[in-house]
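Listing of start_21.txt; format and content: compact mmCIF, C-alpha atoms.
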# COMPACT_ATOMS: atom_id res chain seq x y z
CA MET A 1 23.45 -13.99 -3.00
CA PRO A 2 20.40 -12.94 -0.93
CA ILE A 3 19.11 -9.49 -1.83
CA THR A 4 19.71 -6.59 0.50
CA ARG A 5 16.98 -4.31 1.81
CA ARG A 6 18.45 -1.46 -0.22
CA ASP A 7 18.26 -3.47 -3.46
CA PHE A 8 14.75 -4.61 -2.68
CA LEU A 9 13.50 -1.08 -2.00
CA LYS A 10 15.28 0.21 -5.09
CA HIS A 11 13.47 -2.25 -7.28
CA CYS A 12 10.12 -1.66 -5.60
CA GLY A 13 10.41 2.05 -6.31
CA ALA A 14 11.55 1.52 -9.89
CA GLY A 15 8.96 -1.04 -10.94
CA THR A 16 8.47 -0.95 -14.71
CA LEU A 17 6.06 -2.51 -17.15
CA GLY A 18 6.46 -6.25 -17.55
CA ILE A 19 8.81 -6.67 -14.58
CA ALA A 20 6.94 -7.14 -11.34
CA LEU A 21 9.02 -6.89 -8.20
CA SER A 22 8.06 -10.46 -7.33
CA GLN A 23 9.23 -11.69 -10.76
CA PHE A 24 12.55 -9.89 -10.51
CA TYR A 25 13.34 -11.41 -7.13
CA LEU A 26 11.47 -14.68 -7.60
CA PRO A 27 14.18 -16.93 -6.07
CA GLU A 28 14.41 -14.75 -2.97
CA VAL A 29 10.62 -14.46 -2.72
CA LEU A 30 10.19 -18.23 -2.82
CA LYS A 31 13.02 -18.71 -0.33
CA ILE A 32 11.35 -16.35 2.13
CA PHE A 33 7.95 -17.94 1.57
CA GLU A 34 9.41 -21.39 2.20
CA ALA A 35 10.76 -20.12 5.51
CA ALA A 36 7.28 -18.88 6.36
CA ALA A 37 5.86 -22.27 5.48
CA ALA A 38 8.27 -23.82 7.95
CA GLY A 39 6.69 -21.73 10.67
CA GLU A 40 8.96 -18.65 10.63
CA PRO A 41 6.39 -17.15 11.08
CA PRO A 42 2.89 -18.49 10.27
CA VAL A 43 0.27 -16.28 8.67
CA LEU A 44 -3.36 -15.76 9.71
CA TRP A 45 -5.63 -14.05 7.16
CA LEU A 46 -8.97 -12.85 8.55
CA GLN A 47 -11.81 -11.35 6.54
CA GLY A 48 -14.11 -8.69 7.95
CA GLN A 49 -16.55 -6.52 6.03
CA SER A 50 -15.29 -6.86 2.49
CA CYS A 51 -16.14 -8.06 -1.00
CA THR A 52 -13.16 -10.46 -0.92
CA GLY A 53 -11.68 -8.39 -3.76
CA CYS A 54 -8.24 -8.24 -2.17
CA SER A 55 -8.13 -12.02 -1.88
CA VAL A 56 -9.15 -12.24 -5.53
CA SER A 57 -6.40 -9.75 -6.37
CA LEU A 58 -3.87 -11.91 -4.55
CA LEU A 59 -5.12 -14.93 -6.52
CA ASN A 60 -4.05 -13.07 -9.67
CA THR A 61 -0.40 -12.88 -8.63
CA VAL A 62 1.80 -14.36 -11.34
CA HIS A 63 5.38 -14.35 -10.05
CA PRO A 64 5.42 -16.31 -7.83
CA SER A 65 2.37 -18.27 -8.91
CA ILE A 66 -0.63 -18.28 -6.64
CA ALA A 67 -0.03 -21.99 -6.08
CA ASP A 68 3.31 -21.15 -4.47
CA VAL A 69 1.74 -18.37 -2.40
CA LEU A 70 -1.12 -20.51 -1.16
CA LEU A 71 0.91 -23.63 -0.53
CA LYS A 72 3.86 -21.88 1.05
CA VAL A 73 2.28 -19.00 2.96
CA ILE A 74 -1.39 -18.10 3.03
CA SER A 75 -2.92 -21.55 3.49
CA VAL A 76 -0.33 -22.53 6.05
CA LYS A 77 -2.63 -21.68 8.94
CA PHE A 78 -5.83 -19.81 8.05
CA HIS A 79 -7.51 -18.10 5.09
CA PRO A 80 -11.31 -18.51 5.11
CA THR A 81 -11.80 -18.18 1.35
CA VAL A 82 -9.21 -20.61 0.01
CA MET A 83 -8.53 -23.09 2.81
CA ALA A 84 -10.03 -26.56 2.56
CA ALA A 85 -10.90 -26.86 6.25
CA GLN A 86 -14.19 -25.53 7.58
CA GLY A 87 -16.15 -25.33 10.80
CA ASP A 88 -14.44 -26.25 14.04
CA LEU A 89 -11.38 -27.57 12.23
CA ALA A 90 -10.76 -24.22 10.57
CA ILE A 91 -11.29 -22.19 13.74
CA SER A 92 -9.00 -24.52 15.67
CA ALA A 93 -6.20 -23.51 13.28
CA ILE A 94 -6.48 -19.93 14.54
CA GLU A 95 -6.54 -20.99 18.17
CA LYS A 96 -3.57 -23.31 17.77
CA THR A 97 -1.50 -20.64 16.02
CA TYR A 98 -2.42 -18.10 18.68
CA LYS A 99 -1.35 -20.42 21.51
CA GLU A 100 1.75 -21.97 19.98
CA ASN A 101 3.18 -19.03 18.03
CA ALA A 102 2.55 -15.99 20.21
CA GLY A 103 4.75 -13.13 19.07
CA LYS A 104 5.64 -14.91 15.82
CA TYR A 105 2.59 -14.99 13.57
CA ILE A 106 1.64 -12.31 11.05
CA LEU A 107 -1.96 -11.15 11.26
CA ILE A 108 -3.50 -10.06 7.97
CA VAL A 109 -6.96 -8.49 7.97
CA GLU A 110 -9.05 -7.90 4.88
CA GLY A 111 -12.16 -5.77 5.31
CA SER A 112 -13.31 -3.32 7.92
CA ILE A 113 -14.30 -4.23 11.48
CA PRO A 114 -17.80 -3.27 12.69
CA ILE A 115 -18.09 -2.23 16.32
CA LYS A 116 -21.79 -1.35 16.57
CA ASP A 117 -23.98 -3.76 18.57
CA GLY A 118 -20.92 -5.51 19.91
CA GLY A 119 -19.59 -6.26 16.43
CA ILE A 120 -22.33 -8.79 15.64
CA HIS A 121 -22.58 -7.57 12.03
CA CYS A 122 -19.55 -9.64 11.03
CA THR A 123 -18.65 -12.97 12.61
CA VAL A 124 -15.98 -15.60 11.97
CA GLY A 125 -16.87 -18.98 13.44
CA GLU A 126 -18.56 -19.95 16.70
CA THR A 127 -17.61 -21.04 20.16
CA HIS A 128 -18.23 -24.63 21.24
CA ASP A 129 -21.54 -23.58 22.75
CA GLY A 130 -22.71 -21.99 19.49
CA LYS A 131 -22.03 -18.34 20.28
CA PRO A 132 -20.85 -16.30 17.24
CA ILE A 133 -17.29 -14.99 17.37
CA THR A 134 -17.09 -11.51 15.89
CA ILE A 135 -14.24 -10.21 13.79
CA LEU A 136 -13.98 -7.55 16.50
CA ASP A 137 -13.30 -10.28 19.07
CA TRP A 138 -10.67 -11.88 16.86
CA ALA A 139 -8.90 -8.59 16.12
CA LYS A 140 -8.67 -7.64 19.77
CA LYS A 141 -7.48 -11.11 20.73
CA LEU A 142 -4.93 -11.74 17.98
CA ALA A 143 -3.43 -8.28 17.44
CA PRO A 144 -1.53 -7.97 20.76
CA LYS A 145 0.49 -11.13 20.15
CA ALA A 146 1.10 -10.70 16.41
CA ALA A 147 4.65 -10.09 15.15
CA ALA A 148 3.17 -7.77 12.53
CA ILE A 149 -0.32 -6.62 11.54
CA VAL A 150 -1.19 -6.01 7.89
CA ALA A 151 -4.43 -4.35 6.76
CA VAL A 152 -5.04 -5.37 3.14
CA GLY A 153 -7.36 -3.11 1.15
CA THR A 154 -8.88 0.27 1.92
CA CYS A 155 -11.68 -1.23 4.01
CA ALA A 156 -9.21 -2.73 6.47
CA ALA A 157 -6.82 0.21 6.29
CA TYR A 158 -9.30 3.07 6.70
CA GLY A 159 -12.87 1.76 6.85
CA GLY A 160 -13.47 2.01 3.11
CA ILE A 161 -16.91 1.52 1.60
CA PRO A 162 -18.44 -0.17 4.70
CA GLY A 163 -17.30 2.86 6.71
CA GLY A 164 -18.88 5.35 4.33
CA ALA A 165 -21.80 7.52 5.48
CA PRO A 166 -24.06 6.68 7.18
CA ASN A 167 -21.93 3.72 8.34
CA PRO A 168 -24.79 1.73 9.91
CA THR A 169 -22.52 -0.99 11.35
CA GLY A 170 -19.92 1.34 12.87
CA ALA A 171 -17.18 0.03 10.56
CA LYS A 172 -13.66 0.90 11.67
CA SER A 173 -10.13 0.33 10.44
CA VAL A 174 -7.84 -2.30 11.93
CA LYS A 175 -5.68 0.37 13.56
CA GLU A 176 -8.69 2.12 15.11
CA VAL A 177 -9.85 -1.15 16.65
CA THR A 178 -6.50 -2.56 17.78
CA GLY A 179 -4.56 0.62 18.57
CA LYS A 180 -1.43 -1.11 17.24
CA THR A 181 1.08 -0.24 14.53
CA VAL A 182 -0.49 -1.48 11.31
CA LEU A 183 1.01 -1.85 7.85
CA ASN A 184 -1.75 -0.46 5.63
CA LEU A 185 -2.04 -1.67 2.03
CA PRO A 186 -5.01 0.33 0.74
CA GLY A 187 -6.58 -0.06 -2.68
CA CYS A 188 -9.93 -1.28 -3.90
CA PRO A 189 -8.51 -3.84 -4.33
CA ALA A 190 -4.85 -3.80 -3.31
CA HIS A 191 -2.41 -4.71 -6.08
CA PRO A 192 -1.02 -8.28 -5.72
CA ASP A 193 2.55 -6.90 -5.87
CA TRP A 194 1.78 -4.59 -2.95
CA ILE A 195 0.62 -7.59 -0.94
CA VAL A 196 3.37 -10.03 -1.91
CA GLY A 197 6.10 -7.40 -1.81
CA SER A 198 5.06 -6.17 1.61
CA LEU A 199 4.95 -9.72 2.97
CA VAL A 200 8.45 -10.31 1.62
CA HIS A 201 9.70 -7.14 3.28
CA VAL A 202 8.09 -7.98 6.62
CA LEU A 203 9.45 -11.53 6.57
CA ARG A 204 12.91 -10.58 5.32
CA PHE A 205 13.56 -7.12 6.78
CA GLY A 206 10.70 -6.21 9.13
CA LEU A 207 8.25 -3.35 8.63
CA PRO A 208 9.09 -1.01 5.73
CA ALA A 209 9.18 2.76 6.04
CA LEU A 210 5.60 4.04 6.31
CA ASP A 211 4.02 7.35 5.40
CA GLU A 212 1.67 9.32 7.66
CA HIS A 213 -1.20 7.03 6.69
CA GLY A 214 0.64 3.81 7.52
CA ARG A 215 1.33 2.93 3.87
CA PRO A 216 4.73 1.59 2.72
CA LYS A 217 6.50 4.40 0.88
CA MET A 218 7.99 1.93 -1.58
CA PHE A 219 4.53 1.47 -3.13
CA TYR A 220 2.59 4.59 -2.14
CA GLY A 221 5.28 7.24 -2.20
CA LYS A 222 4.45 8.92 -5.50
CA ASN A 223 1.55 11.05 -6.66
CA ILE A 224 -0.66 9.57 -9.39
CA HIS A 225 -1.15 12.90 -11.18
CA GLU A 226 2.55 13.79 -11.37
CA ASN A 227 3.41 10.39 -12.86
CA CYS A 228 0.38 10.06 -15.12
CA GLN A 229 0.54 9.57 -18.88
CA ASN A 230 -1.81 12.59 -19.13
CA TYR A 231 0.38 14.93 -17.08
CA PHE A 232 1.56 16.66 -20.25
CA HIS A 233 -2.04 17.23 -21.34
CA TYR A 234 -2.99 18.77 -17.98
CA ASN A 235 -0.13 21.24 -18.09
CA ASN A 236 -1.09 22.20 -21.63
CA ASP A 237 -4.82 22.56 -20.91
CA THR A 238 -5.89 19.60 -23.02
CA TYR A 239 -8.88 18.05 -21.27
CA ALA A 240 -11.04 15.09 -22.26
CA GLU A 241 -14.73 15.86 -22.61
CA ASN A 242 -15.67 12.18 -22.84
CA LEU A 243 -14.03 9.11 -21.33
CA SER A 244 -12.81 8.01 -24.75
CA ASP A 245 -11.15 11.34 -25.58
CA GLU A 246 -7.45 12.05 -25.48
CA GLY A 247 -6.43 14.47 -22.74
CA CYS A 248 -6.40 14.88 -18.98
CA LEU A 249 -9.42 13.35 -17.23
CA ILE A 250 -9.54 15.84 -14.36
CA ASN A 251 -12.77 17.41 -15.67
CA LEU A 252 -14.32 13.95 -15.66
CA GLY A 253 -13.57 13.37 -12.00
CA CYS A 254 -10.01 12.03 -11.97
CA LYS A 255 -8.68 12.11 -8.39
CA GLY A 256 -5.05 11.59 -9.41
CA PRO A 257 -3.88 14.89 -7.88
CA GLN A 258 -4.91 13.75 -4.39
CA THR A 259 -3.94 10.09 -4.72
CA TYR A 260 -0.69 8.28 -3.95
CA ALA A 261 0.25 4.89 -5.44
CA ASP A 262 2.56 3.51 -8.13
CA CYS A 263 -0.23 2.45 -10.51
CA PRO A 264 1.16 4.55 -13.42
CA LYS A 265 4.33 2.44 -13.41
CA ARG A 266 3.24 -0.91 -12.03
CA HIS A 267 -0.03 -1.32 -13.91
CA TRP A 268 -2.51 -4.12 -13.22
CA ASN A 269 -3.35 -7.60 -14.54
CA ASN A 270 0.30 -8.59 -14.89
CA GLY A 271 1.29 -5.21 -16.31
CA VAL A 272 -1.46 -4.99 -18.95
CA ASN A 273 -3.03 -1.63 -18.08
CA TRP A 274 -4.33 0.66 -15.34
CA CYS A 275 -7.43 2.78 -14.73
CA ILE A 276 -6.32 5.94 -16.55
CA GLY A 277 -4.67 3.90 -19.30
CA ALA A 278 -8.10 2.39 -19.91
CA LYS A 279 -9.60 5.92 -20.19
CA ALA A 280 -11.22 5.78 -16.75
CA PRO A 281 -10.49 8.44 -14.12
CA CYS A 282 -8.64 7.55 -10.94
CA ILE A 283 -11.19 7.29 -8.10
CA GLY A 284 -8.65 7.75 -5.30
CA CYS A 285 -9.18 4.29 -3.84
CA THR A 286 -5.84 4.21 -1.98
CA GLN A 287 -6.64 7.33 0.04
CA PRO A 288 -7.94 7.38 3.65
CA GLU A 289 -10.89 9.57 2.60
CA PHE A 290 -12.18 7.04 0.04
CA PRO A 291 -15.06 6.82 -0.81
CA ASP A 292 -16.81 9.79 0.83
CA GLY A 293 -13.96 12.22 0.34
CA THR A 294 -13.42 11.29 -3.30
CA SER A 295 -17.07 11.40 -4.30
CA PRO A 296 -18.83 12.11 -6.57
CA MET A 297 -16.42 10.04 -8.61
CA TYR A 298 -17.13 11.60 -12.00
CA ALA A 299 -17.41 15.25 -10.97
CA ALA A 300 -14.63 17.67 -11.89
CA ILE A 301 -12.17 18.60 -9.14
CA GLN A 302 -12.76 22.10 -7.81
CA ASP A 303 -10.38 24.78 -9.05
CA GLU A 304 -8.84 25.43 -5.63
CA LEU A 305 -7.85 21.75 -5.36
CA ARG A 306 -6.13 21.57 -8.72
CA PRO A 307 -2.32 21.46 -8.66
CA LYS A 308 -0.19 24.17 -10.23
CA LYS A 309 0.74 23.65 -13.83
CA VAL A 310 4.32 23.05 -14.96
CA LYS A 311 5.47 24.21 -18.37
CA ILE A 312 6.37 21.17 -20.49
CA ASN A 313 7.58 21.55 -24.07
CA SER A 314 6.86 18.04 -25.29
CA LEU A 315 5.13 14.82 -24.34
CA GLU A 316 8.50 13.10 -23.97
CA ASN A 317 9.45 15.50 -21.17
CA THR A 318 6.68 14.45 -18.79
CA LEU A 319 7.54 12.92 -15.44
CA VAL A 320 6.30 9.45 -16.42
CA GLY A 321 8.86 6.65 -16.49
Here is a file; write its structure as structure tokens.
Amino acid sequence: MPITRRDFLKHCGAGTLGIALSQFYLPEVLKIFEAAAAGEPPVLWLQGQSCTGCSVSLLNTVHPSIADVLLKVISVKFHPTVMAAQGDLAISAIEKTYKENAGKYILIVEGSIPIKDGGIHCTVGETHDGKPITILDWAKKLAPKAAAIVAVGTCAAYGGIPGGAPNPTGAKSVKEVTGKTVLNLPGCPAHPDWIVGSLVHVLRFGLPALDEHGRPKMFYGKNIHENCQNYFHYNNDTYAENLSDEGCLINLGCKGPQTYADCPKRHWNNGVNWCIGAKAPCIGCTQPEFPDGTSPMYAAIQDELRPKKVKINSLENTLVG
């Protein structure tokens, strides 16, 4: 039987090692993606100011395989990095989708959108008379007729690294530019499960419940620090002095207390590990203030910003799991 929204959200919030949400509901995921491939609805993926890291992250999705994702969703209409078409043929795919599927297509934007100097600092294609088309032009044109708008990665969601001081190109988020409701999937990069799972939810159920920063609560609803493997160490004043040491990494710049995402449970690279598991501090990349507000990345958090300690008698009684 098709999964219900309640079951889907329950699994998203209870993701555990080795069982990605997309693997657990693989038949339903593929069914929904096949519907998208049939034009219900098409997907347009635009890239603004970015390193293409979120596209690379998506390429690492395992269940379903990236071949299924690309053949059944992303390459259906437009994705500049992985599509075979180029030049006028590629741009015509955007125009055709815009004209023939108004109100039906999903607009995905990766990267921030520069507005300084008319947006000339990032262009996607040209007009027939050779004039560059800016990502700013595309966003303003496509957003009003999109069935849903998804900002993948912190750059698209909040401005990210391109929007950091002094922000010479005037980089803005998708929401700031379009003024529309945007499903933000921050992360540098965004986890492939966050991308695939959110697409499934949008296609199957519509927009998920969002927090005050436009992030789906099913993926960004929990605090990193409170669900960290080092939470016990923090509450018992055991701090690492070097990155290789056992103990809480807060004195080495960990931004877990101010960061929200399910990294402690979901892990990365098909469930292999995550930043803190690899003895590196969380840099707060899913937060709107990243990177300026989470820098310097390896400086200890000020005392007034540290959360209150909770008495824990043993490592097994931490909040992880």
Compile the contact shell of stretch 179-187 of chain A as a compact mmCIF listing (two decimals) with C-alpha atoms, keeping the file's coordinate frame: residues with an atom at most 6 Å away, counting all atoms listed in the file, same-chain residues fewer than 4 positions apart removed.
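Produced file out.txt, reproduced below:
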# COMPACT_ATOMS: atom_id res chain seq x y z
CA ILE A 149 -0.32 -6.62 11.54
CA VAL A 150 -1.19 -6.01 7.89
CA ALA A 151 -4.43 -4.35 6.76
CA VAL A 152 -5.04 -5.37 3.14
CA GLY A 153 -7.36 -3.11 1.15
CA THR A 154 -8.88 0.27 1.92
CA ALA A 157 -6.82 0.21 6.29
CA LYS A 175 -5.68 0.37 13.56
CA GLY A 214 0.64 3.81 7.52
CA ARG A 215 1.33 2.93 3.87
CA CYS A 285 -9.18 4.29 -3.84
CA THR A 286 -5.84 4.21 -1.98
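Nearest to A:Leu203 of all the residues A:Pro166, A:Gly53, A:Tyr105, A:Asn235 is A:Tyr105, counting all atoms listed in the file.
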For the atom pair atom CA of A:Trp138 and atom CA of A:Ile120, what is the interatomic distance in Å to one decimal place?
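If I compute the distance from atom CA of A:Trp138 to atom CA of A:Ile120, I get 12.1 Å.
Residues with any atom within 12 Å of stretch 297-303 of chain A, counting only C-alpha atoms and excluding same-chain neighbours fewer than 4 positions away, are Tyr239, Ala240, Glu241, Asn242, Leu243, Cys248, Leu249, Ile250, Asn251, Leu252, Gly253, Cys254, Lys255, Gly256, Pro257, Gln258, Ala280, Pro281, Cys282, Ile283, Gly284, Cys285, Phe290, Pro291, Asp292, Gly293, Pro307 and Lys308 of chain A.
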Can you measure atom CA of A:Ala156 to atom CA of A:Pro208 for me? One decimal in Å is fine.
18.4 Å
Which residue out of A:Gly111, A:Pro264, A:Gly197, A:Gly125 has the minimum interatomic distance to A:Ile276 when all atoms listed in the file are used?
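Selected residue with least distance to A:Ile276: A:Pro264.
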Name the residues in contact with stretch 217-225 of chain A at a cut-off of 6 Å, using all atoms listed in the file, excluding same-chain residues fewer than 4 positions from it; report them as a PDB file with C-alpha atoms, in the frame of the given file.
ATOM      1  CA  CYS A  12      10.120  -1.660  -5.600  1.00  0.00           C
ATOM      2  CA  GLY A  13      10.410   2.050  -6.310  1.00  0.00           C
ATOM      3  CA  LEU A 210       5.600   4.040   6.310  1.00  0.00           C
ATOM      4  CA  ASP A 211       4.020   7.350   5.400  1.00  0.00           C
ATOM      5  CA  GLY A 256      -5.050  11.590  -9.410  1.00  0.00           C
ATOM      6  CA  PRO A 257      -3.880  14.890  -7.880  1.00  0.00           C
ATOM      7  CA  THR A 259      -3.940  10.090  -4.720  1.00  0.00           C
ATOM      8  CA  TYR A 260      -0.690   8.280  -3.950  1.00  0.00           C
ATOM      9  CA  ALA A 261       0.250   4.890  -5.440  1.00  0.00           C
ATOM     10  CA  ASP A 262       2.560   3.510  -8.130  1.00  0.00           C
TER      11      ASP A 262
END
Taking into account all atoms listed in the file, which residue in the set A:Ser112, A:Thr52, A:Thr178, A:Thr123 is nearest to A:Lys141?
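When distances to A:Lys141 are compared using all atoms listed in the file, the smallest one comes from A:Thr178.
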Could you model N, CA and C atoms for stretch 130-146 of chain A and present them as a PDB file, keeping the file's coordinate frame?
ATOM      1  N   GLY A 130     -21.898 -22.573  20.547  1.00  0.00           N
ATOM      2  CA  GLY A 130     -22.710 -21.990  19.490  1.00  0.00           C
ATOM      3  C   GLY A 130     -22.787 -20.476  19.464  1.00  0.00           C
ATOM      4  N   LYS A 131     -22.010 -19.787  20.272  1.00  0.00           N
ATOM      5  CA  LYS A 131     -22.030 -18.340  20.280  1.00  0.00           C
ATOM      6  C   LYS A 131     -21.148 -17.789  19.161  1.00  0.00           C
ATOM      7  N   PRO A 132     -21.653 -16.851  18.330  1.00  0.00           N
ATOM      8  CA  PRO A 132     -20.850 -16.300  17.240  1.00  0.00           C
ATOM      9  C   PRO A 132     -19.614 -15.565  17.767  1.00  0.00           C
ATOM     10  N   ILE A 133     -18.508 -15.714  17.041  1.00  0.00           N
ATOM     11  CA  ILE A 133     -17.290 -14.990  17.370  1.00  0.00           C
ATOM     12  C   ILE A 133     -17.150 -13.863  16.356  1.00  0.00           C
ATOM     13  N   THR A 134     -17.145 -12.650  16.810  1.00  0.00           N
ATOM     14  CA  THR A 134     -17.090 -11.510  15.890  1.00  0.00           C
ATOM     15  C   THR A 134     -15.662 -11.256  15.408  1.00  0.00           C
ATOM     16  N   ILE A 135     -15.557 -10.607  14.271  1.00  0.00           N
ATOM     17  CA  ILE A 135     -14.240 -10.210  13.790  1.00  0.00           C
ATOM     18  C   ILE A 135     -13.619  -9.204  14.765  1.00  0.00           C
ATOM     19  N   LEU A 136     -14.458  -8.466  15.468  1.00  0.00           N
ATOM     20  CA  LEU A 136     -13.980  -7.550  16.500  1.00  0.00           C
ATOM     21  C   LEU A 136     -13.293  -8.319  17.616  1.00  0.00           C
ATOM     22  N   ASP A 137     -13.900  -9.429  18.029  1.00  0.00           N
ATOM     23  CA  ASP A 137     -13.300 -10.280  19.070  1.00  0.00           C
ATOM     24  C   ASP A 137     -11.944 -10.816  18.608  1.00  0.00           C
ATOM     25  N   TRP A 138     -11.909 -11.309  17.369  1.00  0.00           N
ATOM     26  CA  TRP A 138     -10.670 -11.880  16.860  1.00  0.00           C
ATOM     27  C   TRP A 138      -9.564 -10.825  16.780  1.00  0.00           C
ATOM     28  N   ALA A 139      -9.901  -9.648  16.270  1.00  0.00           N
ATOM     29  CA  ALA A 139      -8.900  -8.590  16.120  1.00  0.00           C
ATOM     30  C   ALA A 139      -8.299  -8.199  17.462  1.00  0.00           C
ATOM     31  N   LYS A 140      -9.151  -8.031  18.453  1.00  0.00           N
ATOM     32  CA  LYS A 140      -8.670  -7.640  19.770  1.00  0.00           C
ATOM     33  C   LYS A 140      -7.856  -8.748  20.432  1.00  0.00           C
ATOM     34  N   LYS A 141      -8.194  -9.987  20.137  1.00  0.00           N
ATOM     35  CA  LYS A 141      -7.480 -11.110  20.730  1.00  0.00           C
ATOM     36  C   LYS A 141      -6.135 -11.355  20.051  1.00  0.00           C
ATOM     37  N   LEU A 142      -6.123 -11.335  18.717  1.00  0.00           N
ATOM     38  CA  LEU A 142      -4.930 -11.740  17.980  1.00  0.00           C
ATOM     39  C   LEU A 142      -3.898 -10.631  17.813  1.00  0.00           C
ATOM     40  N   ALA A 143      -4.352  -9.386  17.714  1.00  0.00           N
ATOM     41  CA  ALA A 143      -3.430  -8.280  17.440  1.00  0.00           C
ATOM     42  C   ALA A 143      -2.314  -8.126  18.473  1.00  0.00           C
ATOM     43  N   PRO A 144      -2.598  -8.210  19.775  1.00  0.00           N
ATOM     44  CA  PRO A 144      -1.530  -7.970  20.760  1.00  0.00           C
ATOM     45  C   PRO A 144      -0.363  -8.937  20.683  1.00  0.00           C
ATOM     46  N   LYS A 145      -0.579 -10.149  20.198  1.00  0.00           N
ATOM     47  CA  LYS A 145       0.490 -11.130  20.150  1.00  0.00           C
ATOM     48  C   LYS A 145       1.004 -11.388  18.740  1.00  0.00           C
ATOM     49  N   ALA A 146       0.625 -10.551  17.790  1.00  0.00           N
ATOM     50  CA  ALA A 146       1.100 -10.700  16.410  1.00  0.00           C
ATOM     51  C   ALA A 146       2.475 -10.056  16.247  1.00  0.00           C
TER      52      ALA A 146
END
